[in-house]
$ cat protein-v8.txt   # compact mmCIF, C-alpha atoms
# COMPACT_ATOMS: atom_id res chain seq x y z
CA MET A 209 -169.35 -27.66 -85.15
CA CYS A 210 -168.14 -28.57 -81.72
CA GLY A 211 -164.60 -29.65 -80.97
CA GLY A 212 -162.68 -30.64 -77.88
CA GLY A 213 -163.76 -31.11 -74.31
CA GLY A 214 -165.47 -27.75 -74.05
CA GLY A 215 -168.07 -28.54 -76.69
CA TRP A 216 -170.75 -29.78 -74.33
CA VAL A 217 -171.02 -26.35 -72.73
CA GLY A 218 -172.60 -24.93 -75.84
CA TRP A 219 -175.47 -27.36 -75.75
CA LEU A 220 -176.65 -25.96 -72.42
CA ASN A 221 -177.44 -22.72 -74.16
CA GLY A 222 -179.29 -24.24 -77.06
CA SER A 223 -176.88 -23.31 -79.83
CA MET A 224 -173.49 -24.52 -80.95
CA ALA A 225 -172.89 -21.66 -83.35
CA LEU A 226 -171.66 -18.12 -83.09
CA ASP A 227 -174.32 -15.51 -83.91
CA PRO A 228 -174.21 -15.27 -87.72
CA LYS A 229 -174.19 -11.46 -87.58
CA ILE A 230 -170.97 -11.57 -85.52
CA ALA A 231 -169.48 -14.40 -87.58
CA ALA A 232 -170.08 -12.43 -90.78
CA ARG A 233 -167.93 -9.51 -89.72
CA LEU A 234 -165.25 -11.25 -87.66
CA LYS A 235 -161.87 -11.14 -89.42
CA ARG A 236 -159.85 -14.27 -88.67
CA ASN A 237 -156.20 -15.00 -89.43
CA ALA A 238 -155.11 -17.82 -91.74
CA ASP A 239 -155.67 -20.31 -88.90
CA GLY A 240 -159.24 -19.10 -88.31
CA LEU A 241 -158.26 -17.33 -85.08
CA VAL A 242 -158.67 -13.84 -83.65
CA PRO A 243 -156.47 -12.41 -80.87
CA ALA A 244 -158.30 -11.70 -77.63
CA ILE A 245 -156.91 -9.15 -75.18
CA VAL A 246 -157.98 -10.12 -71.66
CA GLN A 247 -158.32 -7.33 -69.10
CA GLN A 248 -159.33 -7.28 -65.43
CA HIS A 249 -162.59 -5.33 -65.56
CA ASP A 250 -162.10 -3.12 -62.50
CA THR A 251 -158.37 -2.51 -62.13
CA GLY A 252 -157.67 -2.32 -65.87
CA GLU A 253 -154.73 -4.74 -65.65
CA VAL A 254 -154.01 -6.43 -68.97
CA LEU A 255 -153.88 -10.06 -67.92
CA MET A 256 -152.94 -11.97 -71.09
CA LEU A 257 -153.41 -12.36 -74.81
CA ALA A 258 -155.24 -15.45 -75.97
CA TRP A 259 -156.75 -16.65 -79.25
CA MET A 260 -160.35 -17.45 -80.14
CA ASN A 261 -162.00 -19.31 -82.96
CA ASP A 262 -165.72 -18.88 -83.60
CA GLU A 263 -166.70 -21.53 -81.07
CA ALA A 264 -164.50 -20.07 -78.34
CA LEU A 265 -166.10 -16.66 -78.86
CA HIS A 266 -169.56 -18.23 -78.87
CA LEU A 267 -168.84 -20.03 -75.60
CA THR A 268 -167.32 -16.91 -74.04
CA LEU A 269 -170.46 -14.95 -74.93
CA THR A 270 -172.93 -17.58 -73.82
CA THR A 271 -171.43 -19.38 -70.83
CA GLY A 272 -169.91 -16.45 -68.90
CA SER A 273 -166.58 -18.31 -68.66
CA ALA A 274 -163.77 -17.05 -70.87
CA THR A 275 -162.91 -19.77 -73.39
CA TYR A 276 -160.05 -19.78 -75.87
CA TRP A 277 -158.43 -21.88 -78.56
CA SER A 278 -155.17 -23.35 -77.30
CA ARG A 279 -152.73 -23.20 -80.19
CA SER A 280 -150.24 -25.47 -78.43
CA ARG A 281 -152.81 -28.12 -77.55
CA ALA A 282 -155.00 -27.50 -80.61
CA LYS A 283 -158.24 -27.60 -78.65
CA LEU A 284 -160.76 -25.44 -76.87
CA TRP A 285 -159.64 -24.31 -73.46
CA VAL A 286 -161.95 -23.06 -70.74
CA LYS A 287 -159.55 -20.81 -68.84
CA GLY A 288 -159.13 -22.13 -65.28
CA ALA A 289 -160.83 -25.47 -65.93
CA THR A 290 -157.75 -27.22 -64.55
CA SER A 291 -156.20 -24.58 -62.27
CA GLY A 292 -159.41 -23.10 -60.89
CA ASN A 293 -158.21 -19.67 -62.03
CA VAL A 294 -161.34 -19.01 -64.05
CA GLN A 295 -162.28 -15.76 -65.76
CA HIS A 296 -165.85 -14.55 -65.27
CA VAL A 297 -166.78 -12.56 -68.36
CA LYS A 298 -167.96 -9.00 -67.79
CA SER A 299 -167.95 -7.60 -71.34
CA VAL A 300 -166.76 -8.44 -74.82
CA ALA A 301 -166.10 -6.00 -77.67
CA LEU A 302 -164.72 -6.13 -81.19
CA ASP A 303 -162.30 -3.49 -82.41
CA CYS A 304 -162.87 -1.15 -85.36
CA ASP A 305 -161.58 -3.72 -87.85
CA ALA A 306 -163.30 -6.71 -86.18
CA ASP A 307 -159.95 -8.47 -86.08
CA THR A 308 -159.28 -8.17 -82.33
CA ILE A 309 -161.46 -8.95 -79.32
CA LEU A 310 -161.32 -7.22 -75.93
CA VAL A 311 -162.62 -9.42 -73.10
CA LYS A 312 -163.09 -7.80 -69.70
CA VAL A 313 -163.21 -10.38 -66.94
CA ASP A 314 -163.10 -10.93 -63.22
CA GLN A 315 -159.98 -13.07 -62.85
CA VAL A 316 -159.91 -15.61 -60.01
CA GLY A 317 -156.33 -15.94 -58.74
CA ALA A 318 -153.45 -15.71 -61.18
CA ALA A 319 -153.98 -15.27 -64.90
CA CYS A 320 -150.51 -16.53 -65.80
CA HIS A 321 -149.47 -20.19 -65.76
CA THR A 322 -146.29 -19.06 -63.94
CA GLY A 323 -148.39 -17.99 -60.97
CA ASP A 324 -148.00 -14.29 -61.69
CA ARG A 325 -151.14 -12.19 -61.59
CA THR A 326 -150.66 -11.18 -65.23
CA CYS A 327 -148.55 -12.57 -68.06
CA PHE A 328 -146.74 -9.21 -68.33
CA ASP A 329 -145.37 -8.97 -64.78
CA ALA A 330 -142.03 -10.71 -65.22
CA ASP A 331 -140.32 -9.18 -68.24
CA PRO A 332 -140.25 -5.37 -68.43
CA LEU A 333 -137.91 -4.03 -71.13
CA GLU A 334 -135.55 -1.18 -70.41
CA LEU A 335 -136.36 2.17 -71.97
CA PRO A 336 -133.15 4.09 -72.77
CA LEU A 337 -135.10 7.31 -72.90
CA GLY A 338 -137.11 6.35 -69.79
CA MET B 275 -131.83 -3.53 -91.40
CA CYS B 276 -133.88 -0.40 -91.77
CA GLY B 277 -136.97 -0.20 -93.91
CA GLY B 278 -139.56 2.44 -94.68
CA GLY B 279 -139.76 6.07 -93.74
CA GLY B 280 -139.23 5.50 -90.04
CA GLY B 281 -135.74 4.07 -90.49
CA TRP B 282 -133.86 7.32 -89.99
CA VAL B 283 -135.10 7.57 -86.43
CA GLY B 284 -132.92 4.65 -85.40
CA TRP B 285 -129.73 6.37 -86.49
CA LEU B 286 -130.25 9.12 -83.94
CA ASN B 287 -129.76 6.56 -81.22
CA GLY B 288 -126.67 5.00 -82.66
CA SER B 289 -128.08 1.57 -83.51
CA MET B 290 -130.42 0.18 -86.11
CA ALA B 291 -130.85 -3.19 -84.45
CA LEU B 292 -132.97 -4.56 -81.65
CA ASP B 293 -130.96 -5.55 -78.57
CA PRO B 294 -129.74 -9.11 -79.39
CA LYS B 295 -130.82 -10.37 -75.94
CA ILE B 296 -134.39 -9.29 -76.67
CA ALA B 297 -134.25 -10.48 -80.28
CA ALA B 298 -133.08 -13.91 -79.14
CA ARG B 299 -136.12 -14.56 -77.02
CA LEU B 300 -138.83 -12.78 -79.01
CA LYS B 301 -141.26 -15.25 -80.60
CA ARG B 302 -142.54 -13.97 -83.92
CA ASN B 303 -145.34 -15.32 -86.10
CA ALA B 304 -144.77 -16.65 -89.61
CA ASP B 305 -144.65 -13.06 -90.89
CA GLY B 306 -141.98 -12.06 -88.38
CA LEU B 307 -144.46 -10.06 -86.31
CA VAL B 308 -145.51 -9.94 -82.66
CA PRO B 309 -148.84 -8.53 -81.46
CA ALA B 310 -148.56 -5.40 -79.31
CA ILE B 311 -151.34 -4.48 -76.89
CA VAL B 312 -151.41 -0.71 -76.45
CA GLN B 313 -152.75 0.65 -73.18
CA GLN B 314 -153.17 4.17 -71.81
CA HIS B 315 -150.71 4.19 -68.91
CA ASP B 316 -152.80 6.01 -66.31
CA THR B 317 -156.45 5.15 -67.04
CA GLY B 318 -155.76 1.55 -68.08
CA GLU B 319 -157.87 1.88 -71.25
CA VAL B 320 -156.89 -0.68 -73.88
CA LEU B 321 -156.45 1.55 -76.92
CA MET B 322 -155.67 -0.81 -79.80
CA LEU B 323 -153.81 -3.90 -80.94
CA ALA B 324 -150.93 -3.35 -83.35
CA TRP B 325 -148.08 -5.46 -84.72
CA MET B 326 -144.34 -5.05 -84.38
CA ASN B 327 -141.35 -6.47 -86.18
CA ASP B 328 -137.90 -6.26 -84.61
CA GLU B 329 -137.24 -2.78 -85.97
CA ALA B 330 -140.58 -1.42 -84.74
CA LEU B 331 -139.84 -2.73 -81.25
CA HIS B 332 -136.34 -1.27 -81.41
CA LEU B 333 -137.69 2.14 -82.43
CA THR B 334 -140.41 2.00 -79.78
CA LEU B 335 -137.79 1.30 -77.12
CA THR B 336 -135.28 3.90 -78.30
CA THR B 337 -137.27 6.85 -79.67
CA GLY B 338 -140.07 7.12 -77.11
CA SER B 339 -142.67 7.15 -79.90
CA ALA B 340 -144.71 3.98 -80.38
CA THR B 341 -143.87 2.51 -83.77
CA TYR B 342 -145.55 -0.44 -85.46
CA TRP B 343 -145.51 -2.51 -88.61
CA SER B 344 -148.50 -1.69 -90.78
CA ARG B 345 -149.68 -4.97 -92.27
CA SER B 346 -151.95 -3.19 -94.77
CA ARG B 347 -149.27 -0.76 -95.97
CA ALA B 348 -146.37 -3.19 -95.42
CA LYS B 349 -144.13 -0.57 -93.84
CA LEU B 350 -143.08 0.90 -90.53
CA TRP B 351 -145.60 3.25 -89.04
CA VAL B 352 -144.84 5.84 -86.38
CA LYS B 353 -148.25 6.11 -84.75
CA GLY B 354 -149.58 9.64 -85.14
CA ALA B 355 -146.97 10.71 -87.69
CA THR B 356 -149.77 11.79 -90.01
CA SER B 357 -152.66 12.50 -87.61
CA GLY B 358 -150.67 14.02 -84.77
CA ASN B 359 -152.20 11.44 -82.43
CA VAL B 360 -148.84 10.19 -81.23
CA GLN B 361 -148.23 7.72 -78.42
CA HIS B 362 -145.51 8.64 -75.93
CA VAL B 363 -144.07 5.37 -74.63
CA LYS B 364 -144.14 4.90 -70.84
CA SER B 365 -143.23 1.21 -70.53
CA VAL B 366 -142.83 -1.92 -72.61
CA ALA B 367 -143.01 -5.52 -71.40
CA LEU B 368 -142.94 -8.98 -72.93
CA ASP B 369 -145.34 -11.64 -71.76
CA CYS B 370 -144.37 -14.98 -70.23
CA ASP B 371 -143.98 -16.62 -73.64
CA ALA B 372 -142.27 -13.60 -75.26
CA ASP B 373 -144.87 -13.74 -78.02
CA THR B 374 -146.89 -10.65 -77.02
CA ILE B 375 -145.82 -7.10 -76.15
CA LEU B 376 -147.62 -4.74 -73.77
CA VAL B 377 -146.92 -1.08 -74.53
CA LYS B 378 -148.12 1.50 -72.03
CA VAL B 379 -148.36 4.95 -73.59
CA ASP B 380 -149.65 8.44 -73.15
CA GLN B 381 -152.02 8.75 -76.10
CA VAL B 382 -152.45 12.20 -77.64
CA GLY B 383 -156.02 12.55 -78.91
CA ALA B 384 -157.81 9.54 -80.37
CA ALA B 385 -156.10 6.18 -80.75
CA CYS B 386 -158.57 4.93 -83.37
CA HIS B 387 -158.59 6.04 -86.99
CA THR B 388 -162.36 6.44 -86.66
CA GLY B 389 -161.83 9.27 -84.18
CA ASP B 390 -162.88 7.16 -81.19
CA ARG B 391 -160.64 7.30 -78.15
CA THR B 392 -160.02 3.55 -78.36
CA CYS B 393 -160.54 0.97 -81.11
CA PHE B 394 -162.91 -0.95 -78.83
CA ASP B 395 -165.48 1.79 -78.18
CA ALA B 396 -167.87 1.17 -81.05
CA ASP B 397 -168.72 -2.52 -81.09
CA PRO B 398 -169.67 -4.11 -77.75
CA LEU B 399 -171.15 -7.61 -78.10
CA GLU B 400 -174.25 -8.61 -76.21
CA LEU B 401 -173.81 -11.00 -73.32
CA PRO B 402 -176.91 -13.25 -72.98
CA LEU B 403 -175.97 -14.06 -69.43
CA GLY B 404 -175.04 -10.39 -68.73
$ encode --input "protein-v8.txt" --output "structure tokens"
Amino acid sequence: MCGGGGGWVGWLNGSMALDPKIAARLKRNADGLVPAIVQQHDTGEVLMLAWMNDEALHLTLTTGSATYWSRSRAKLWVKGATSGNVQHVKSVALDCDADTILVKVDQVGAACHTGDRTCFDADPLELPLG
Amino acid sequence: MCGGGGGWVGWLNGSMALDPKIAARLKRNADGLVPAIVQQHDTGEVLMLAWMNDEALHLTLTTGSATYWSRSRAKLWVKGATSGNVQHVKSVALDCDADTILVKVDQVGAACHTGDRTCFDADPLELPLG
């Protein structure tokens, strides 16, 4: 099933569906989503946390452009489609429970909508025992 | 409010409650939890994804030992309390939406219950466009 404006991308690769072997072991939350940690592949910076449904993971694996499910807009979201700050996918892995995805990317420009390089740059919390 | 076996730790630091300024802006899911990305502070390895409630974040910030909410056991969980594979907290940051936490740690031993260094070591997904 294809939804949203990103759906056409899947057709270029001949399949709309996530590999059934991956789909069978993926553990989704009640909304059908899995958290995806996004990391810059060479520096190791954690850029952001996003969410994927099956189609977003399929598109991420098959198009080379990191694609997520936007919970606020309730549609597929090819990261950088509007801003140009795309994420070229370098590797994708599931964790031991298959309920979290690690996506290593090459981030063009800023990952954060605020213009910061990462979404974690602006708000460090004080450590009393620092 | 303190719950579970980890509660006593908070007393040592004089407060059971998360800093109200942090609590006011933290965005929790329907279960009162926030995802925490856990990263090795020096190598940049993403070790695992865990979940925190307010008390877990408070304890992480004030004890120096990464503490989470175990969704499967429904109680606070000081990482490594049983295995010895503790996580010494180096920094904690909120993301731009205050709905994700990045915890940089010094991981003793393996982060994953399987014995792997990270929870993402065992299950890389194939990239057709690799």
$ atom_distance --input "protein-v8.txt" --atom1 "CA of Met260 in chain A" --atom2 "CA of Arg279 in chain A"
9.5 Å
$ interface_residues --input "protein-v8.txt" --of "chain B" --to "chain A" --cutoff "9 Å" --atoms "all atoms listed in the file" --output "PyMOL selection string"
chain B and resi 296+309+311+313+317-320+322-323+334-338+363-372+374-376+386-388+392-404
$ atom_distance --input "protein-v8.txt" --atom1 "CA of Gly292 in chain A" --atom2 "CA of Gly323 in chain A"
12.1 Å
$ residues_around --input "protein-v8.txt" --residues "Ser344 in chain B" --least-positions-apart "2" --cutoff "10 Å" --atoms "all atoms listed in the file" --output "list in words"
Ala324, Trp325, Met326, Asn327, Ala330, Thr341, Tyr342, Ser346, Arg347, Ala348, Lys349, Leu350, Trp351, Val352 and Lys353 of chain B
$ atom_distance --input "protein-v8.txt" --atom1 "CA of Ala238 in chain A" --atom2 "CA of Asn303 in chain B"
11.6 Å
